[in-house]
>>> print(open('entry-v9.txt').read())   # compact mmCIF, C-alpha atoms and all ligand atoms
# COMPACT_ATOMS: atom_id res chain seq x y z
CA MET A 1 35.59 -10.53 25.58
CA ASN A 2 36.41 -6.83 26.15
CA ASP A 3 33.99 -4.34 27.72
CA ASP A 4 33.03 -2.84 24.41
CA ALA A 5 32.13 -6.23 22.95
CA ARG A 6 30.18 -7.17 26.11
CA THR A 7 28.14 -3.94 26.02
CA LYS A 8 27.41 -4.45 22.33
CA ARG A 9 26.36 -8.07 22.97
CA GLU A 10 24.02 -7.11 25.81
CA ALA A 11 22.48 -4.29 23.80
CA PHE A 12 21.86 -6.62 20.87
CA SER A 13 20.36 -9.26 23.13
CA ARG A 14 17.86 -6.63 24.39
CA ARG A 15 17.22 -5.62 20.80
CA MET A 16 16.42 -9.24 19.84
CA THR A 17 14.01 -9.50 22.77
CA ASP A 18 12.29 -6.31 21.57
CA ILE A 19 12.08 -7.73 18.07
CA LEU A 20 10.37 -10.91 19.30
CA ASN A 21 7.89 -8.91 21.37
CA HIS A 22 7.16 -6.43 18.60
CA ALA A 23 6.70 -9.18 16.01
CA ALA A 24 4.21 -10.87 18.34
CA LEU A 25 2.44 -7.57 18.98
CA ASN A 26 2.20 -6.91 15.25
CA LEU A 27 0.45 -10.25 14.78
CA ALA A 28 -1.91 -9.74 17.73
CA ILE A 29 -2.76 -6.19 16.61
CA ALA A 30 -3.58 -7.58 13.16
CA VAL A 31 -5.94 -10.11 14.77
CA GLY A 32 -7.59 -7.36 16.82
CA TYR A 33 -7.94 -5.20 13.74
CA ARG A 34 -9.54 -7.99 11.70
CA THR A 35 -11.99 -8.87 14.46
CA GLY A 36 -13.01 -5.24 15.08
CA LEU A 37 -11.88 -5.33 18.70
CA PHE A 38 -10.20 -1.92 18.55
CA GLU A 39 -13.45 -0.30 17.38
CA THR A 40 -15.26 -1.99 20.27
CA LEU A 41 -12.64 -0.88 22.78
CA SER A 42 -12.68 2.67 21.45
CA ARG A 43 -16.43 2.87 22.18
CA LEU A 44 -16.00 1.73 25.80
CA GLU A 45 -15.22 4.85 27.78
CA VAL A 46 -14.25 3.30 31.11
CA PRO A 47 -12.08 0.26 31.92
CA GLN A 48 -13.96 -3.01 31.35
CA THR A 49 -13.44 -6.69 32.13
CA PRO A 50 -12.60 -9.18 29.36
CA LEU A 51 -16.14 -10.57 29.62
CA GLN A 52 -17.71 -7.13 29.12
CA ILE A 53 -15.39 -6.42 26.18
CA ALA A 54 -16.06 -9.83 24.61
CA GLU A 55 -19.83 -9.33 24.95
CA ALA A 56 -19.63 -5.85 23.45
CA ALA A 57 -17.63 -7.25 20.50
CA GLY A 58 -19.70 -10.40 20.07
CA CYS A 59 -16.54 -12.53 20.43
CA SER A 60 -15.48 -15.53 22.54
CA GLU A 61 -14.49 -14.43 26.05
CA ARG A 62 -11.59 -16.87 26.28
CA TYR A 63 -10.01 -15.62 23.05
CA VAL A 64 -10.59 -11.99 23.92
CA ARG A 65 -9.08 -12.50 27.39
CA GLU A 66 -5.87 -13.97 25.93
CA TRP A 67 -5.70 -11.24 23.30
CA LEU A 68 -6.21 -8.52 25.92
CA ALA A 69 -3.31 -9.98 27.90
CA VAL A 70 -1.08 -9.39 24.86
CA MET A 71 -2.42 -5.87 24.38
CA GLY A 72 -2.15 -5.02 28.08
CA THR A 73 1.37 -6.33 28.66
CA GLY A 74 2.47 -4.86 25.33
CA GLY A 75 1.35 -1.34 26.26
CA ILE A 76 -1.24 -1.08 23.49
CA VAL A 77 -4.21 -1.08 25.87
CA ASP A 78 -4.11 0.16 29.51
CA ILE A 79 -4.40 -2.66 32.04
CA SER A 80 -5.39 -2.31 35.74
CA ALA A 81 -6.96 -4.29 38.57
CA ASP A 82 -10.10 -2.88 40.25
CA ALA A 83 -10.89 -2.92 44.01
CA ASN A 84 -12.27 -6.49 43.65
CA GLY A 85 -9.11 -7.70 41.94
CA GLN A 86 -10.89 -7.86 38.55
CA ILE A 87 -8.56 -7.14 35.63
CA ARG A 88 -9.84 -4.34 33.45
CA TYR A 89 -8.71 -2.93 30.13
CA HIS A 90 -9.10 0.44 28.48
CA LEU A 91 -7.96 1.73 25.11
CA PRO A 92 -6.72 5.32 25.50
CA PRO A 93 -8.12 7.61 22.76
CA GLU A 94 -4.54 8.62 21.92
CA HIS A 95 -3.87 4.98 20.93
CA ALA A 96 -7.25 4.50 19.25
CA ALA A 97 -6.23 7.38 16.96
CA PHE A 98 -3.83 4.96 15.20
CA LEU A 99 -5.70 1.67 15.57
CA THR A 100 -9.21 2.04 14.21
CA ARG A 101 -10.75 2.18 10.76
CA GLY A 102 -12.09 5.66 11.60
CA ALA A 103 -8.53 6.96 12.01
CA GLY A 104 -8.26 7.66 8.25
CA GLY A 105 -4.72 8.55 7.21
CA ASP A 106 -3.42 7.87 10.75
CA ASN A 107 -4.69 4.28 10.69
CA LEU A 108 -1.43 2.34 11.12
CA ALA A 109 -3.13 -0.82 12.36
CA VAL A 110 -4.25 -1.64 8.82
CA TYR A 111 -0.56 -2.23 7.94
CA THR A 112 -0.08 -4.80 10.70
CA GLN A 113 -1.98 -7.26 8.50
CA GLU A 114 0.65 -7.09 5.79
CA ILE A 115 3.45 -9.27 7.19
CA PRO A 116 1.12 -12.00 8.60
CA LEU A 117 -0.75 -12.11 5.30
CA LEU A 118 2.43 -12.42 3.25
CA THR A 119 3.70 -15.08 5.65
CA THR A 120 0.63 -17.27 5.25
CA GLN A 121 0.66 -16.86 1.49
CA VAL A 122 4.29 -17.36 0.49
CA LEU A 123 6.74 -18.05 3.32
CA GLU A 124 7.68 -21.53 2.04
CA ASP A 125 7.91 -20.33 -1.58
CA ILE A 126 10.21 -17.47 -0.65
CA VAL A 127 12.49 -19.73 1.38
CA ALA A 128 12.68 -22.13 -1.58
CA ALA A 129 13.35 -19.23 -3.98
CA PHE A 130 16.54 -18.39 -2.11
CA ALA A 131 17.98 -21.53 -3.77
CA THR A 132 16.49 -21.07 -7.25
CA GLY A 133 16.46 -17.28 -7.58
CA GLU A 134 13.11 -17.56 -9.36
CA GLY A 135 10.20 -15.21 -8.98
CA LEU A 136 6.59 -15.93 -8.03
CA PRO A 137 3.38 -15.35 -10.00
CA TYR A 138 0.63 -13.06 -8.70
CA GLU A 139 -1.58 -16.14 -8.28
CA LYS A 140 0.49 -17.07 -5.23
CA TYR A 141 -1.03 -14.04 -3.48
CA PRO A 142 -4.78 -14.65 -3.77
CA ARG A 143 -5.79 -12.31 -0.93
CA PHE A 144 -3.19 -9.68 -1.54
CA GLN A 145 -5.14 -7.65 -4.14
CA ALA A 146 -8.01 -7.24 -1.70
CA PHE A 147 -5.56 -6.16 0.97
CA MET A 148 -3.93 -3.64 -1.42
CA SER A 149 -7.41 -2.25 -2.03
CA GLU A 150 -7.95 -1.86 1.69
CA LEU A 151 -4.70 0.13 1.86
CA ALA A 152 -5.62 2.10 -1.24
CA ASP A 153 -9.07 2.84 0.21
CA ASN A 154 -7.43 4.10 3.36
CA LYS A 155 -5.03 6.39 1.50
CA HIS A 156 -6.81 7.48 -1.68
CA GLU A 157 -10.11 8.11 0.09
CA THR A 158 -8.46 10.74 2.29
CA LEU A 159 -5.88 12.27 -0.07
CA LEU A 160 -6.49 11.72 -3.78
CA VAL A 161 -9.19 14.21 -4.71
CA GLY A 162 -8.71 16.72 -1.90
CA ASP A 163 -4.89 16.95 -1.76
CA PHE A 164 -3.05 15.05 -4.48
CA LEU A 165 -4.81 16.19 -7.67
CA PRO A 166 -5.02 19.88 -6.61
CA SER A 167 -1.25 19.80 -5.96
CA ILE A 168 -0.56 19.29 -9.67
CA GLU A 169 0.31 22.44 -11.62
CA ASP A 170 -1.27 24.69 -8.98
CA GLY A 171 -4.74 23.31 -9.54
CA ALA A 172 -4.61 23.54 -13.35
CA LEU A 173 -5.06 19.78 -13.73
CA VAL A 174 -8.23 19.84 -11.60
CA ALA A 175 -9.62 22.61 -13.80
CA ARG A 176 -8.99 20.43 -16.88
CA LEU A 177 -10.53 17.41 -15.16
CA GLN A 178 -13.64 19.49 -14.47
CA THR A 179 -13.88 20.51 -18.12
CA GLY A 180 -13.38 16.96 -19.40
CA ILE A 181 -10.20 15.08 -20.36
CA ARG A 182 -9.14 11.46 -20.92
CA VAL A 183 -7.44 9.82 -17.95
CA CYS A 184 -5.80 6.42 -17.50
CA ASP A 185 -4.85 4.71 -14.23
CA LEU A 186 -2.17 2.15 -15.03
CA GLY A 187 -1.97 -0.84 -12.68
CA CYS A 188 -5.34 0.24 -11.30
CA GLY A 189 -5.84 -2.94 -9.23
CA GLN A 190 -9.37 -3.04 -7.84
CA GLY A 191 -10.04 0.46 -9.15
CA VAL A 192 -10.10 2.44 -5.89
CA ALA A 193 -8.32 5.52 -7.26
CA LEU A 194 -10.01 5.37 -10.66
CA VAL A 195 -13.51 5.21 -9.21
CA LEU A 196 -12.85 8.10 -6.81
CA MET A 197 -11.57 10.26 -9.68
CA ALA A 198 -14.42 9.27 -11.98
CA GLU A 199 -16.97 10.19 -9.32
CA ALA A 200 -15.33 13.53 -8.63
CA PHE A 201 -14.98 14.52 -12.31
CA PRO A 202 -18.03 13.30 -14.27
CA ALA A 203 -17.08 15.30 -17.40
CA SER A 204 -13.82 13.35 -17.79
CA ARG A 205 -13.43 9.79 -19.05
CA PHE A 206 -11.37 7.21 -17.14
CA THR A 207 -9.68 3.98 -18.27
CA GLY A 208 -8.19 1.50 -15.80
CA ILE A 209 -5.50 -0.88 -17.08
CA ASP A 210 -4.27 -3.88 -15.14
CA ILE A 211 -2.79 -7.29 -15.87
CA SER A 212 -4.97 -8.99 -13.25
CA GLY A 213 -8.39 -10.21 -14.41
CA PRO A 214 -9.73 -10.85 -10.87
CA ALA A 215 -8.67 -7.34 -9.74
CA LEU A 216 -10.43 -5.80 -12.75
CA ALA A 217 -13.58 -7.85 -12.10
CA GLU A 218 -13.70 -6.29 -8.63
CA ALA A 219 -12.96 -2.85 -10.13
CA LEU A 220 -15.90 -3.28 -12.52
CA ARG A 221 -18.17 -4.20 -9.60
CA ARG A 222 -16.99 -1.13 -7.71
CA ALA A 223 -17.68 1.19 -10.66
CA ALA A 224 -21.08 -0.43 -11.34
CA GLY A 225 -21.98 -0.11 -7.64
CA ARG A 226 -21.54 3.67 -7.98
CA LYS A 227 -23.39 3.71 -11.32
CA LEU A 228 -20.46 5.35 -13.11
CA GLU A 229 -20.74 5.71 -16.86
CA ASN A 230 -17.42 7.46 -17.51
CA VAL A 231 -15.22 4.44 -16.70
CA ASP A 232 -13.87 1.49 -18.64
CA PHE A 233 -11.26 -1.15 -17.95
CA LEU A 234 -8.73 -3.02 -20.04
CA GLU A 235 -6.93 -6.20 -19.06
CA ALA A 236 -3.43 -5.85 -20.50
CA ASP A 237 0.25 -6.04 -19.70
CA ALA A 238 1.40 -2.43 -19.44
CA ALA A 239 4.69 -3.45 -21.07
CA ASP A 240 3.03 -4.89 -24.18
CA PRO A 241 3.04 -2.22 -26.92
CA GLY A 242 0.77 -4.33 -29.16
CA ALA A 243 -1.99 -4.64 -26.54
CA LEU A 244 -2.12 -0.87 -26.04
CA ALA A 245 -1.32 0.33 -29.60
CA HIS A 246 -4.93 1.38 -30.25
CA LEU A 247 -4.69 3.84 -27.33
CA ALA A 248 -1.52 5.64 -28.50
CA GLY A 249 -1.73 9.41 -27.99
CA THR A 250 -5.10 9.11 -26.24
CA PHE A 251 -4.65 10.23 -22.66
CA ASP A 252 -4.23 13.75 -21.29
CA TYR A 253 -3.30 12.42 -17.88
CA ILE A 254 -1.97 9.02 -16.72
CA THR A 255 -1.47 7.89 -13.13
CA ALA A 256 0.45 4.92 -11.74
CA PHE A 257 0.07 4.52 -8.00
CA ASP A 258 2.54 1.98 -6.62
CA ALA A 259 2.27 0.15 -9.90
CA ILE A 260 5.62 0.35 -11.72
CA HIS A 261 8.14 -1.26 -9.35
CA ASP A 262 6.22 -4.60 -9.28
CA GLN A 263 6.29 -4.99 -13.04
CA ARG A 264 8.47 -7.52 -14.80
CA GLN A 265 9.42 -5.00 -17.51
CA PRO A 266 9.12 -1.58 -15.89
CA LEU A 267 11.10 0.31 -18.56
CA ALA A 268 8.91 -1.08 -21.35
CA ALA A 269 5.83 -0.09 -19.32
CA LEU A 270 7.12 3.48 -18.90
CA ARG A 271 7.88 3.71 -22.62
CA ASN A 272 4.29 2.61 -23.25
CA VAL A 273 2.97 5.26 -20.86
CA ARG A 274 4.77 7.87 -22.94
CA ARG A 275 3.22 6.45 -26.12
CA LEU A 276 -0.27 6.56 -24.58
CA LEU A 277 0.02 10.24 -23.66
CA ALA A 278 -1.41 12.99 -25.84
CA PRO A 279 1.23 15.58 -26.92
CA GLN A 280 0.70 17.87 -23.87
CA GLY A 281 -0.03 14.90 -21.60
CA LEU A 282 1.08 14.51 -17.98
CA PHE A 283 2.09 11.36 -16.13
CA SER A 284 2.03 11.03 -12.33
CA MET A 285 4.06 8.13 -11.00
CA VAL A 286 3.62 7.82 -7.23
CA ASP A 287 5.89 5.41 -5.42
CA ILE A 288 7.60 4.85 -2.08
CA ASP A 289 9.96 7.68 -1.14
CA ALA A 290 13.29 5.97 -0.59
CA HIS A 291 16.80 6.04 -1.94
CA SER A 292 18.13 3.33 -4.21
CA SER A 293 20.95 2.28 -1.87
CA PRO A 294 20.22 0.58 1.48
CA VAL A 295 23.10 2.62 2.93
CA ASP A 296 21.17 5.80 2.21
CA ASN A 297 17.97 4.23 3.59
CA ALA A 298 19.48 3.38 6.99
CA GLY A 299 17.70 6.36 8.58
CA HIS A 300 14.33 5.70 6.88
CA PRO A 301 11.82 5.09 9.70
CA LEU A 302 10.13 2.17 7.91
CA ALA A 303 13.04 0.73 5.91
CA PRO A 304 13.06 -2.82 7.39
CA PHE A 305 9.28 -3.08 7.04
CA LEU A 306 9.28 -1.88 3.44
CA TYR A 307 12.25 -4.05 2.42
CA THR A 308 10.46 -7.04 3.98
CA VAL A 309 7.27 -6.41 2.00
CA SER A 310 9.46 -6.08 -1.07
CA LEU A 311 11.27 -9.35 -0.31
CA MET A 312 8.00 -11.22 0.21
CA HIS A 313 5.96 -9.69 -2.63
CA CYS A 314 7.20 -6.88 -4.90
CA MET A 315 10.58 -8.36 -5.80
CA PRO A 316 9.40 -11.97 -6.42
CA VAL A 317 6.45 -10.94 -8.62
CA GLY A 318 8.80 -8.60 -10.50
CA LEU A 319 11.32 -11.44 -11.00
CA TYR A 320 8.74 -13.88 -12.34
CA ARG A 321 9.65 -15.37 -15.74
CA GLY A 322 12.91 -13.49 -16.11
CA GLY A 323 11.52 -10.13 -15.00
CA GLN A 324 13.69 -7.31 -13.70
CA GLY A 325 12.58 -7.63 -10.06
CA LEU A 326 13.22 -4.01 -9.07
CA GLY A 327 11.59 -4.36 -5.67
CA MET A 328 9.63 -1.73 -3.80
CA MET A 329 12.76 0.07 -2.60
CA TRP A 330 14.11 0.78 -6.11
CA GLY A 331 14.41 4.36 -4.92
CA ARG A 332 14.19 7.77 -6.46
CA GLU A 333 17.62 7.67 -8.17
CA THR A 334 16.81 4.49 -10.16
CA ALA A 335 13.27 5.72 -10.82
CA GLN A 336 14.48 9.06 -12.19
CA ALA A 337 17.07 7.39 -14.41
CA MET A 338 14.44 4.99 -15.78
CA LEU A 339 11.93 7.78 -16.47
CA GLN A 340 14.60 9.65 -18.38
CA LYS A 341 15.52 6.50 -20.33
CA ALA A 342 11.84 6.05 -21.19
CA GLY A 343 12.03 9.41 -22.96
CA PHE A 344 9.97 11.79 -20.81
CA SER A 345 10.94 15.36 -21.65
CA ARG A 346 10.70 16.67 -18.09
CA VAL A 347 10.58 14.86 -14.77
CA GLU A 348 9.82 16.76 -11.55
CA VAL A 349 10.42 14.95 -8.27
CA LEU A 350 7.86 16.22 -5.78
CA THR A 351 7.61 15.39 -2.09
CA MET A 352 4.14 15.61 -0.57
CA ASP A 353 3.51 17.05 2.92
CA PHE A 354 0.17 15.23 3.00
CA ASP A 355 1.76 11.85 2.11
CA PRO A 356 5.33 11.81 3.48
CA PHE A 357 6.06 8.14 2.71
CA ASN A 358 5.48 8.52 -1.02
CA ILE A 359 7.04 10.57 -3.74
CA HIS A 360 5.49 11.98 -6.89
CA PHE A 361 7.31 11.95 -10.21
CA LEU A 362 5.41 14.37 -12.43
CA CYS A 363 6.44 13.73 -16.01
CA ARG A 364 5.74 15.45 -19.32
CA ARG A 365 5.66 13.51 -22.52
C1 LIG B 1 0.78 -2.66 -5.70
S1 LIG B 1 -0.61 -2.80 -6.75
C2 LIG B 1 -1.21 -1.13 -6.80
C3 LIG B 1 -2.67 -1.06 -7.17
C4 LIG B 1 -3.30 0.35 -7.19
N1 LIG B 1 -2.68 1.21 -8.17
C5 LIG B 1 -3.29 0.99 -5.81
O1 LIG B 1 -2.95 2.17 -5.68
O2 LIG B 1 -3.68 0.33 -4.87
C6 LIG B 1 0.18 -3.01 -8.32
C7 LIG B 1 -0.79 -3.29 -9.45
O3 LIG B 1 -0.06 -3.38 -10.67
C8 LIG B 1 -0.62 -4.43 -11.45
N2 LIG B 1 0.40 -4.89 -12.42
C9 LIG B 1 1.53 -5.58 -12.16
N3 LIG B 1 2.19 -5.84 -13.29
C10 LIG B 1 1.47 -5.28 -14.29
C11 LIG B 1 1.64 -5.20 -15.69
N4 LIG B 1 2.70 -5.74 -16.30
N5 LIG B 1 0.69 -4.56 -16.42
C12 LIG B 1 -0.38 -3.99 -15.81
N6 LIG B 1 -0.60 -4.04 -14.48
C13 LIG B 1 0.31 -4.67 -13.73
C14 LIG B 1 -0.98 -5.48 -10.42
O4 LIG B 1 -1.94 -6.41 -10.91
C15 LIG B 1 -1.53 -4.61 -9.29
O5 LIG B 1 -2.91 -4.40 -9.42
>>> encode(input="entry-v9.txt", output="structure tokens", more="lines below")
Ligand SMILES: C[S@@+](CC[C@H](N)C(=O)[O-])C[C@H]1O[C@@H](n2cnc3c(N)ncnc32)[C@H](O)[C@@H]1O
Amino acid sequence: MNDDARTKREAFSRRMTDILNHAALNLAIAVGYRTGLFETLSRLEVPQTPLQIAEAAGCSERYVREWLAVMGTGGIVDISADANGQIRYHLPPEHAAFLTRGAGGDNLAVYTQEIPLLTTQVLEDIVAAFATGEGLPYEKYPRFQAFMSELADNKHETLLVGDFLPSIEDGALVARLQTGIRVCDLGCGQGVALVLMAEAFPASRFTGIDISGPALAEALRRAAGRKLENVDFLEADAADPGALAHLAGTFDYITAFDAIHDQRQPLAALRNVRRLLAPQGLFSMVDIDAHSSPVDNAGHPLAPFLYTVSLMHCMPVGLYRGGQGLGMMWGRETAQAMLQKAGFSRVEVLTMDFDPFNIHFLCRR
């Protein structure tokens, strides 16, 4: 083996060690997030023993002690020994800023749940699908909708009404929403975005469309909980022209947040969106900002994470029953080409300072 090969081998061996440690940390952070331990730690201003932390969190000391050992050795939580040799832990506020539910848009810990959740739901099915090439139905992901809502809550709550909608046509869309227009959120899931918009713009009327009955049942509960009367929901396949024919030409504004790349027939769905728009209607498709080729995504800071989520969820549900299976990383080039093929007269590709991981395709009928 020459020197170059040896250096490369050693570097990759270190890289593999990092990968194992980071994968383990991801899992342990997800456990801490679920159990509320980061919120507890963030309230404790000075270093505390595992027993004190466990008592403050209302958790088992033995479990908390083992978990803290992961956090301490992994550099997530500061670890020290006091004068009596007692091990103490403290979460620096600079770390809490990315780990707690109160962190809003900076909350990265919420995403650590994603890979463990997908693993428990479909690991064996995905391994088997490598032989068959077949997709998976949404029913294989029973807890995933709720998780998507948690993500949507985290993002839409902070950005949708205050940043995203005002960015459209220099605020002109917001003015129309205040006056009263018809709006549709396609692939609305559990209705997080729809309910926020309906609350903010009571003079407008909002329709949520999704293929998932259980997600819509939760969306209905959410809307009823806020006593909204300007909201309705429709269970339908966005690609089915017959199911949506009665709504042709109805909507002044349609949104699709993260809801096209999963679909089995995305082009048919986009053609339907165009049909549903009123003559001057606008369509906002918001999706992951990536390129269509992995070569061009090599520098993307989250590329392996996003491709993994795609491999475990977006691609298999999109492949189900002969679907196209675009995957989450279909990228802006494929997206633009498909929007053009669907017949939109103008497609603007807008990056968003307030949401750098997503991209906004603003389309006119
Ligand atoms: C990744 S989730 C996004 C949900 C929501 N828009 C958000 O921002 O959290 C994709 C949604 O698209 C829905 N969906 C998938 N295929 C669909 C189809 N053919 N017709 C309508 N909705 C569909 C799924 O049920 C799911 O709720």
>>> residues_around(input="entry-v9.txt", residues="A:Leu173", least_positions_apart="6", cutoff="10 Å", atoms="all atoms listed in the file", output="compact mmCIF listing (two decimals) with C-alpha atoms, keeping the file's coordinate frame")
# COMPACT_ATOMS: atom_id res chain seq x y z
CA LEU A 165 -4.81 16.19 -7.67
CA PRO A 166 -5.02 19.88 -6.61
CA SER A 167 -1.25 19.80 -5.96
CA THR A 179 -13.88 20.51 -18.12
CA ILE A 181 -10.20 15.08 -20.36
CA ASP A 252 -4.23 13.75 -21.29
CA TYR A 253 -3.30 12.42 -17.88
CA LEU A 282 1.08 14.51 -17.98
>>> residues_around(input="entry-v9.txt", residues="A:Glu150", least_positions_apart="2", cutoff="12 Å", atoms="all atoms listed in the file", output="PyMOL selection string")
chain A and resi 34+101+104+107+109-111+113-114+143-148+152-157+189-193
>>> closest_residue(input="entry-v9.txt", among="A:Tyr138, A:Thr119, A:Leu25, A:Gly105", to="A:Leu319", atoms="all atoms listed in the file")
A:Tyr138
>>> closest_residue(input="entry-v9.txt", among="A:Ala335, A:Ile87, A:Val231, A:Leu326", to="ligand LIG 1 (chain B)", atoms="all atoms listed in the file")
A:Leu326
>>> closest_residue(input="entry-v9.txt", among="A:Arg43, A:Arg182, A:His95, A:Arg88", to="A:Arg65", atoms="all atoms listed in the file")
A:Arg88
>>> closest_residue(input="entry-v9.txt", among="A:Val349, A:Val317, A:Leu118, A:Ala11", to="ligand LIG 1 (chain B)", atoms="only C-alpha atoms and all ligand atoms")
A:Val317
>>> residues_near_ligand(input="entry-v9.txt", ligand="ligand LIG 1 (chain B)", cutoff="6 Å", atoms="all atoms listed in the file", output="NGL selection string")
:A and (148-149 or 152 or 187-189 or 210-212 or 236-239 or 257-259 or 262-263)
>>> atom_distance(input="entry-v9.txt", atom1="atom CA of A:Leu270", atom2="atom CA of A:Arg365")
10.8 Å
>>> residues_around(input="entry-v9.txt", residues="A:Leu123", least_positions_apart="5", cutoff="12 Å", atoms="only C-alpha atoms", output="PyMOL selection string")
chain A and resi 115-118+128-130+136+140-141+308-309+311-313+316
>>> write_last_selection(input="entry-v9.txt", atoms="C-alpha atoms", output="compact mmCIF listing (two decimals), in the coordinates of the input")
# COMPACT_ATOMS: atom_id res chain seq x y z
CA ILE A 115 3.45 -9.27 7.19
CA PRO A 116 1.12 -12.00 8.60
CA LEU A 117 -0.75 -12.11 5.30
CA LEU A 118 2.43 -12.42 3.25
CA ALA A 128 12.68 -22.13 -1.58
CA ALA A 129 13.35 -19.23 -3.98
CA PHE A 130 16.54 -18.39 -2.11
CA LEU A 136 6.59 -15.93 -8.03
CA LYS A 140 0.49 -17.07 -5.23
CA TYR A 141 -1.03 -14.04 -3.48
CA THR A 308 10.46 -7.04 3.98
CA VAL A 309 7.27 -6.41 2.00
CA LEU A 311 11.27 -9.35 -0.31
CA MET A 312 8.00 -11.22 0.21
CA HIS A 313 5.96 -9.69 -2.63
CA PRO A 316 9.40 -11.97 -6.42
>>> residues_around(input="entry-v9.txt", residues="A:Leu228", least_positions_apart="4", cutoff="12 Å", atoms="all atoms listed in the file", output="ChimeraX atom specification")
/A:194-206,219-224,232
>>> residues_around(input="entry-v9.txt", residues="A:Asn358", least_positions_apart="2", cutoff="7 Å", atoms="all atoms listed in the file", output="NGL selection string")
:A and (286-289 or 355-356 or 360)
>>> atom_distance(input="entry-v9.txt", atom1="atom CA of A:Asp106", atom2="atom CA of A:Glu61")
29.2 Å
>>> build_atoms(input="entry-v9.txt", residues="stretch 167-179 of chain A", atoms="N, CA and C atoms", output="PDB file, keeping the file's coordinate frame")
ATOM      1  N   SER A 167      -2.661  19.409  -6.070  1.00  0.00           N
ATOM      2  CA  SER A 167      -1.250  19.800  -5.960  1.00  0.00           C
ATOM      3  C   SER A 167      -0.554  19.858  -7.320  1.00  0.00           C
ATOM      4  N   ILE A 168      -1.221  19.363  -8.360  1.00  0.00           N
ATOM      5  CA  ILE A 168      -0.560  19.290  -9.670  1.00  0.00           C
ATOM      6  C   ILE A 168      -0.777  20.584 -10.447  1.00  0.00           C
ATOM      7  N   GLU A 169       0.317  21.192 -10.834  1.00  0.00           N
ATOM      8  CA  GLU A 169       0.310  22.440 -11.620  1.00  0.00           C
ATOM      9  C   GLU A 169      -0.610  23.483 -11.008  1.00  0.00           C
ATOM     10  N   ASP A 170      -0.488  23.663  -9.697  1.00  0.00           N
ATOM     11  CA  ASP A 170      -1.270  24.690  -8.980  1.00  0.00           C
ATOM     12  C   ASP A 170      -2.757  24.619  -9.262  1.00  0.00           C
ATOM     13  N   GLY A 171      -3.291  23.441  -9.353  1.00  0.00           N
ATOM     14  CA  GLY A 171      -4.740  23.310  -9.540  1.00  0.00           C
ATOM     15  C   GLY A 171      -5.174  23.283 -10.999  1.00  0.00           C
ATOM     16  N   ALA A 172      -4.221  23.481 -11.927  1.00  0.00           N
ATOM     17  CA  ALA A 172      -4.610  23.540 -13.350  1.00  0.00           C
ATOM     18  C   ALA A 172      -5.141  22.187 -13.835  1.00  0.00           C
ATOM     19  N   LEU A 173      -4.576  21.095 -13.297  1.00  0.00           N
ATOM     20  CA  LEU A 173      -5.060  19.780 -13.730  1.00  0.00           C
ATOM     21  C   LEU A 173      -6.518  19.574 -13.294  1.00  0.00           C
ATOM     22  N   VAL A 174      -6.841  19.990 -12.081  1.00  0.00           N
ATOM     23  CA  VAL A 174      -8.230  19.840 -11.600  1.00  0.00           C
ATOM     24  C   VAL A 174      -9.178  20.615 -12.509  1.00  0.00           C
ATOM     25  N   ALA A 175      -8.762  21.812 -12.910  1.00  0.00           N
ATOM     26  CA  ALA A 175      -9.620  22.610 -13.800  1.00  0.00           C
ATOM     27  C   ALA A 175      -9.870  21.848 -15.113  1.00  0.00           C
ATOM     28  N   ARG A 176      -8.818  21.190 -15.629  1.00  0.00           N
ATOM     29  CA  ARG A 176      -8.990  20.430 -16.880  1.00  0.00           C
ATOM     30  C   ARG A 176      -9.863  19.195 -16.653  1.00  0.00           C
ATOM     31  N   LEU A 177      -9.702  18.575 -15.483  1.00  0.00           N
ATOM     32  CA  LEU A 177     -10.530  17.410 -15.160  1.00  0.00           C
ATOM     33  C   LEU A 177     -12.011  17.809 -15.072  1.00  0.00           C
ATOM     34  N   GLN A 178     -12.246  19.029 -14.583  1.00  0.00           N
ATOM     35  CA  GLN A 178     -13.640  19.490 -14.470  1.00  0.00           C
ATOM     36  C   GLN A 178     -14.235  19.759 -15.844  1.00  0.00           C
ATOM     37  N   THR A 179     -13.384  20.214 -16.773  1.00  0.00           N
ATOM     38  CA  THR A 179     -13.880  20.510 -18.120  1.00  0.00           C
ATOM     39  C   THR A 179     -14.110  19.217 -18.905  1.00  0.00           C
TER      40      THR A 179
END
